[in-house]
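Colleague: As input, take data_33.tsv (TSV, C-alpha atoms):
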```
chain	number	residue	atom	x	y	z
A	1	MET	CA	0.00	0.00	0.00
A	2	THR	CA	1.45	3.37	-0.99
A	3	ARG	CA	1.16	6.68	0.80
A	4	LYS	CA	-1.45	7.96	-1.64
A	5	ASP	CA	-3.67	4.99	-0.69
A	6	ARG	CA	-3.58	5.96	2.98
A	7	ARG	CA	-4.32	9.70	2.75
A	8	ALA	CA	-5.51	12.42	0.44
A	9	PRO	CA	-2.74	13.86	-1.78
A	10	LYS	CA	-0.85	16.73	-0.24
A	11	ASP	CA	-0.19	19.90	-2.22
A	12	CYS	CA	3.42	20.62	-3.14
A	13	ILE	CA	5.47	23.01	-5.25
A	14	GLU	CA	7.65	21.75	-8.10
A	15	TYR	CA	11.03	23.42	-8.67
A	16	VAL	CA	13.24	22.52	-11.60
A	17	ARG	CA	16.50	24.16	-12.64
A	18	VAL	CA	18.81	24.02	-15.63
A	19	SER	CA	22.21	25.62	-15.74
A	20	THR	CA	22.22	27.48	-19.05
A	21	LYS	CA	19.91	29.49	-21.24
A	22	GLU	CA	20.50	26.99	-24.02
A	23	GLN	CA	19.12	24.20	-21.84
A	24	GLY	CA	16.19	26.39	-20.88
A	25	ARG	CA	15.28	27.06	-24.49
A	26	SER	CA	15.74	23.49	-25.66
A	27	GLY	CA	14.12	21.83	-22.66
A	28	LEU	CA	17.18	19.63	-22.08
A	29	GLY	CA	17.06	18.35	-18.56
A	30	LEU	CA	13.69	19.89	-17.73
A	31	GLU	CA	11.64	16.98	-18.97
A	32	ALA	CA	13.75	14.43	-17.09
A	33	GLN	CA	13.43	16.39	-13.85
A	34	ARG	CA	9.68	16.75	-14.23
A	35	GLU	CA	9.26	13.06	-14.99
A	36	ALA	CA	11.23	12.14	-11.85
A	37	ILE	CA	9.10	14.51	-9.73
A	38	SER	CA	5.89	13.20	-11.30
A	39	ARG	CA	6.78	9.58	-10.53
A	40	PHE	CA	7.69	10.51	-6.97
A	41	CYS	CA	4.46	12.45	-6.39
A	42	GLN	CA	2.32	9.63	-7.74
A	43	ALA	CA	4.03	7.10	-5.50
A	44	GLU	CA	4.14	9.25	-2.36
A	45	GLY	CA	0.77	10.97	-2.59
A	46	PHE	CA	1.64	14.55	-3.51
A	47	ASN	CA	-0.15	16.91	-5.86
A	48	VAL	CA	1.85	19.57	-7.74
A	49	VAL	CA	-0.12	22.82	-7.58
A	50	ALA	CA	2.54	25.15	-8.98
A	51	SER	CA	5.77	24.73	-10.95
A	52	PHE	CA	8.75	27.07	-11.18
A	53	VAL	CA	11.53	26.77	-13.75
A	54	GLU	CA	14.91	28.40	-13.10
A	55	VAL	CA	17.54	28.96	-15.76
A	56	GLU	CA	20.59	29.75	-13.66
A	57	SER	CA	23.92	28.37	-12.50
A	58	GLY	CA	24.05	26.14	-9.43
A	59	LYS	CA	26.36	28.68	-7.80
A	60	GLY	CA	25.38	31.85	-5.95
A	61	ASP	CA	22.72	32.75	-3.41
A	62	ALA	CA	18.95	32.80	-3.65
A	63	GLY	CA	19.07	36.39	-4.87
A	64	ARG	CA	20.33	34.99	-8.17
A	65	LYS	CA	17.50	32.46	-8.23
A	66	PRO	CA	14.30	34.52	-8.46
A	67	LYS	CA	12.17	31.50	-9.36
A	68	LEU	CA	13.30	29.72	-6.21
A	69	ARG	CA	12.22	32.76	-4.20
A	70	GLU	CA	8.82	32.60	-5.93
A	71	ALA	CA	8.58	28.88	-5.14
A	72	LEU	CA	9.28	29.58	-1.44
A	73	LYS	CA	6.57	32.26	-1.33
A	74	ALA	CA	4.07	29.99	-3.05
A	75	ALA	CA	4.86	27.19	-0.58
A	76	ARG	CA	4.32	29.45	2.45
A	77	ARG	CA	0.86	30.42	1.23
A	78	ILE	CA	-0.30	26.79	1.46
A	79	LYS	CA	-0.91	25.48	4.98
A	80	ASP	CA	-0.26	21.82	5.77
A	81	ASP	CA	-0.84	19.91	9.01
A	82	ASP	CA	2.30	17.78	8.66
A	83	TYR	CA	4.73	20.19	7.01
A	84	LYS	CA	3.23	23.53	8.25
A	85	CYS	CA	3.42	24.73	4.65
A	86	ALA	CA	3.60	22.99	1.29
A	87	PRO	CA	6.93	21.28	0.58
A	88	VAL	CA	9.06	22.22	-2.42
A	89	VAL	CA	9.92	19.09	-4.42
A	90	VAL	CA	13.06	18.85	-6.56
A	91	ALA	CA	14.34	15.92	-8.63
A	92	LYS	CA	17.81	15.96	-7.04
A	93	LEU	CA	19.55	17.94	-4.30
A	94	ASP	CA	21.91	19.62	-6.78
A	95	ARG	CA	18.89	21.24	-8.46
A	96	LEU	CA	18.68	23.48	-5.40
A	97	SER	CA	22.40	24.19	-5.30
A	98	ARG	CA	25.84	22.59	-5.39
A	99	ASP	CA	26.93	24.66	-2.38
A	100	VAL	CA	26.49	23.29	1.14
A	101	HIS	CA	26.25	26.78	2.68
A	102	PHE	CA	23.45	27.68	0.28
A	103	VAL	CA	21.57	24.48	1.14
A	104	SER	CA	22.05	25.19	4.86
A	105	GLY	CA	20.67	28.67	4.33
A	106	LEU	CA	17.57	27.28	2.67
A	107	MET	CA	16.85	25.21	5.75
A	108	THR	CA	16.40	28.44	7.73
A	109	GLU	CA	13.57	29.46	5.40
A	110	ARG	CA	11.32	27.01	7.29
A	111	VAL	CA	10.00	25.62	4.03
A	112	PRO	CA	10.43	21.85	3.71
A	113	PHE	CA	12.38	20.55	0.73
A	114	ILE	CA	11.96	17.04	-0.62
A	115	CYS	CA	14.41	15.44	-3.06
A	116	ALA	CA	12.65	12.86	-5.20
A	117	ASP	CA	15.74	10.68	-5.52
A	118	LEU	CA	16.31	10.58	-1.75
A	119	GLY	CA	12.72	9.95	-0.69
A	120	ALA	CA	10.06	11.80	1.31
A	121	ASP	CA	11.37	10.68	4.71
A	122	THR	CA	14.92	12.01	4.38
A	123	ASP	CA	15.73	14.07	7.47
A	124	PRO	CA	16.64	17.73	6.72
A	125	PHE	CA	19.89	17.18	8.62
A	126	MET	CA	20.83	14.49	6.12
A	127	LEU	CA	20.42	16.99	3.28
A	128	HIS	CA	23.25	18.97	4.89
A	129	ILE	CA	25.36	15.82	5.02
A	130	TYR	CA	24.67	14.87	1.39
A	131	ALA	CA	25.42	18.43	0.27
A	132	ALA	CA	28.66	18.52	2.27
A	133	PHE	CA	29.85	15.20	0.85
A	134	ALA	CA	28.98	16.28	-2.70
A	135	GLU	CA	30.83	19.58	-2.29
A	136	ARG	CA	33.90	17.84	-0.80
A	137	GLU	CA	33.91	15.26	-3.59
A	138	ARG	CA	33.77	18.02	-6.24
A	139	ARG	CA	36.70	19.85	-4.61
A	140	MET	CA	38.77	16.66	-4.42
A	141	ILE	CA	38.04	15.74	-8.04
A	142	SER	CA	38.89	19.26	-9.17
A	143	GLN	CA	42.14	19.26	-7.21
A	144	ARG	CA	43.20	15.80	-8.45
A	145	THR	CA	42.39	16.81	-12.02
A	146	LYS	CA	44.47	19.98	-11.77
A	147	GLU	CA	47.40	18.14	-10.22
A	148	GLY	CA	47.23	15.37	-12.82
A	149	LEU	CA	47.12	17.82	-15.70
A	150	ALA	CA	50.03	19.77	-14.24
A	151	ARG	CA	52.16	16.62	-13.97
A	152	ALA	CA	51.22	15.54	-17.48
A	153	LYS	CA	52.09	18.95	-18.87
A	154	ALA	CA	55.42	18.90	-17.04
A	155	ARG	CA	56.23	15.59	-18.77
A	156	GLY	CA	55.50	17.17	-22.13
A	157	ILE	CA	52.25	15.31	-22.74
A	158	LYS	CA	49.85	17.09	-25.07
A	159	LEU	CA	46.63	17.76	-23.17
A	160	GLY	CA	43.07	17.60	-24.45
A	161	GLY	CA	41.16	15.30	-26.74
A	162	THR	CA	40.16	11.68	-26.46
A	163	ASN	CA	42.80	9.13	-25.51
A	164	ALA	CA	42.92	5.40	-24.83
A	165	HIS	CA	42.76	5.85	-21.07
A	166	SER	CA	39.58	7.93	-21.14
A	167	LEU	CA	37.96	5.51	-23.58
A	168	ALA	CA	38.94	2.53	-21.43
A	169	THR	CA	37.55	4.17	-18.29
A	170	LYS	CA	34.20	4.83	-19.96
A	171	ALA	CA	34.01	1.35	-21.45
A	172	GLU	CA	34.85	-0.29	-18.11
A	173	ALA	CA	32.23	1.77	-16.27
A	174	ALA	CA	29.62	0.78	-18.85
A	175	ALA	CA	30.59	-2.90	-18.55
A	176	ARG	CA	30.35	-2.84	-14.74
A	177	ALA	CA	26.92	-1.23	-14.94
A	178	GLU	CA	25.78	-3.81	-17.49
A	179	ALA	CA	26.77	-6.63	-15.16
A	180	LEU	CA	24.43	-5.19	-12.54
A	181	ARG	CA	21.51	-4.81	-14.94
A	182	PRO	CA	19.75	-8.14	-14.12
A	183	VAL	CA	19.55	-7.58	-10.37
A	184	ILE	CA	18.58	-3.90	-10.67
A	185	GLU	CA	15.89	-4.67	-13.25
A	186	GLU	CA	14.56	-7.43	-11.00
A	187	ILE	CA	14.28	-5.02	-8.07
A	188	LYS	CA	12.61	-2.33	-10.20
A	189	ALA	CA	10.19	-4.83	-11.74
A	190	LYS	CA	8.96	-5.92	-8.31
A	191	GLU	CA	8.78	-2.37	-6.92
A	192	PRO	CA	8.79	0.13	-9.83
A	193	GLU	CA	8.27	3.22	-7.67
A	194	LEU	CA	11.37	2.81	-5.53
A	195	SER	CA	13.62	5.84	-5.03
A	196	ALA	CA	17.37	5.62	-5.55
A	197	THR	CA	17.83	5.42	-1.78
A	198	GLN	CA	15.41	2.50	-1.54
A	199	ILE	CA	17.14	0.67	-4.40
A	200	ALA	CA	20.44	1.16	-2.57
A	201	HIS	CA	18.92	-0.40	0.57
A	202	ARG	CA	17.68	-3.40	-1.45
A	203	LEU	CA	21.10	-3.93	-3.04
A	204	ASN	CA	22.91	-3.68	0.29
A	205	ARG	CA	20.41	-6.07	1.89
A	206	ARG	CA	21.12	-8.59	-0.85
A	207	GLY	CA	24.84	-8.25	-0.28
A	208	VAL	CA	25.47	-6.83	-3.76
A	209	ALA	CA	28.61	-4.69	-3.74
A	210	THR	CA	29.13	-1.55	-5.80
A	211	PRO	CA	31.53	-1.73	-8.78
A	212	ASN	CA	34.22	-0.47	-6.36
A	213	GLY	CA	33.36	-3.10	-3.75
A	214	GLY	CA	31.63	-0.77	-1.29
A	215	LYS	CA	28.14	-0.06	0.01
A	216	TRP	CA	25.41	1.42	-2.15
A	217	HIS	CA	24.11	4.97	-1.68
A	218	ALA	CA	21.59	7.00	-3.64
A	219	GLN	CA	24.23	8.68	-5.81
A	220	SER	CA	25.97	5.42	-6.72
A	221	VAL	CA	22.61	3.96	-7.79
A	222	ILE	CA	21.83	7.06	-9.85
A	223	ARG	CA	25.20	6.83	-11.64
A	224	VAL	CA	24.66	3.17	-12.54
A	225	LEU	CA	21.08	3.81	-13.70
A	226	ALA	CA	22.36	6.62	-15.94
A	227	ARG	CA	24.93	4.26	-17.48
A	228	LEU	CA	22.29	1.61	-18.02
A	229	ASP	CA	20.22	4.18	-19.90
A	230	THR	CA	23.11	4.73	-22.34
A	231	PRO	CA	22.17	3.20	-25.72
A	232	LYS	CA	24.06	-0.03	-26.49
A	233	ALA	CA	25.20	1.46	-29.79
A	234	LYS	CA	27.05	4.19	-27.89
A	235	VAL	CA	28.80	1.63	-25.69
A	236	ASP	CA	29.77	-0.42	-28.75
A	237	GLU	CA	31.21	2.72	-30.31
A	238	LEU	CA	33.37	3.32	-27.22
A	239	VAL	CA	34.74	-0.22	-27.46
A	240	ARG	CA	35.41	0.18	-31.19
A	241	LYS	CA	37.35	3.42	-30.63
A	242	LEU	CA	39.31	1.78	-27.84
A	243	LYS	CA	40.44	-0.99	-30.17
A	244	LEU	CA	41.70	1.61	-32.64
A	245	HIS	CA	44.01	3.21	-30.07
```
Translate this structure into structure tokens?
Modeller:
Amino acid sequence: MTRKDRRAPKDCIEYVRVSTKEQGRSGLGLEAQREAISRFCQAEGFNVVASFVEVESGKGDAGRKPKLREALKAARRIKDDDYKCAPVVVAKLDRLSRDVHFVSGLMTERVPFICADLGADTDPFMLHIYAAFAERERRMISQRTKEGLARAKARGIKLGGTNAHSLATKAEAAARAEALRPVIEEIKAKEPELSATQIAHRLNRRGVATPNGGKWHAQSVIRVLARLDTPKAKVDELVRKLKLH
């Protein structure tokens, strides 16, 4: 029995964001976010009463996100017994911001935020933790990339372009994801409305390790699902290019 079977749908506000004007004009990314929010709302018993679309970078404060401000105002106008006001639903946490301080600031607005990929029951404190980990990971990746490029340049290696290593990395990631397809499809077939967090719990409960041998989390599930959505022809092309190098 789902949440919507147990109670009347609760009103919520949809907020979607893309990072460039080009994406805003073309609709790239918007449709995928709205589909994710729609699936979540149907499964969890929410009713979208207003939608706000932001075309802005993930950086900066709320002053640079006027549509987010409008979404907050719209949410406050709707009273709710459980949430005090209507929650703002986003597809992923990074649609709010990629900055942990910004996310922390939003928590002081006293408007609940729900990330569809993390589930309706995610504690607000955990949103801080997820944001902090994501920000730290981005800094570490950026630093390692800069250091690696500097060392390569010092050795006289020409930078830029596709090389055998990058092709091999992509092909290996696609192959690891493909190996997990049967078990993930089995889980989704039995419970099609599961969030990424719930899929991670199912995988961990079964004792299925991540491609790196660790525990599953929402983001690792999302990455694998994205790779599984990659057309087979594209994967075959990666392998073909790799053989040519």
Colleague: Could you state the separation of atom CA of Phe40 of chain A and atom CA of Leu194 of chain A in Å, given to one decimal place?
Modeller: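 Calculated distance between atom CA of Phe40 of chain A and atom CA of Leu194 of chain A is 8.7 Å.
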Colleague: Rounded to one decimal, what separation in Å do you get between atom CA of Arg95 of chain A and atom CA of Gln33 of chain A?
Modeller: 9.1 Å
Colleague: Counting all atoms listed in the file, what is within 8 Å of Leu68 of chain A, bar same-chain residues fewer than 2 positions away, as a compact mmCIF listing (two decimals) with C-alpha atoms, keeping the file's coordinate frame?
Modeller:
```
# COMPACT_ATOMS: atom_id res chain seq x y z
CA TYR A 15 11.03 23.42 -8.67
CA PHE A 52 8.75 27.07 -11.18
CA GLU A 54 14.91 28.40 -13.10
CA ALA A 62 18.95 32.80 -3.65
CA LYS A 65 17.50 32.46 -8.23
CA PRO A 66 14.30 34.52 -8.46
CA GLU A 70 8.82 32.60 -5.93
CA ALA A 71 8.58 28.88 -5.14
CA LEU A 72 9.28 29.58 -1.44
```
Colleague: Using atom CA of Ala32 of chain A and atom CA of Gly119 of chain A as the two end points, give the distance in Å to one decimal.
Modeller: 17.0 Å
Colleague: Out of A:Val18, A:Cys12, A:Ala36, A:Leu30, which residue has the shortest atom-to-atom distance to Ala50 of chain A when counting all atoms listed in the file?
Modeller: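 The answer is A:Cys12, which sits nearest to Ala50 of chain A.
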Colleague: For segment 111-117 of chain A, find every residue with an atom within 8 Å (counting all atoms listed in the file), except residues of its own chain fewer than 4 positions away, and show them as a PyMOL selection string.
Modeller: chain A and resi 36-37+40+72+75-76+83+85-93+106-107+122+124+195-197+218
Colleague: Leaving out Ala131 of chain A and any residue of its chain fewer than 2 positions from it, which residues lie within 9 Å of it when counting only C-alpha atoms, given as number ranges by chain?
Modeller: A: 93-94, 97-101, 103-104, 126-129, 133-136
Colleague: With distances taken over only C-alpha atoms, which of A:Lys73, A:Thr210, A:Val224, A:Gln219 is nearest to Arg181 of chain A?
Modeller: A:Val224
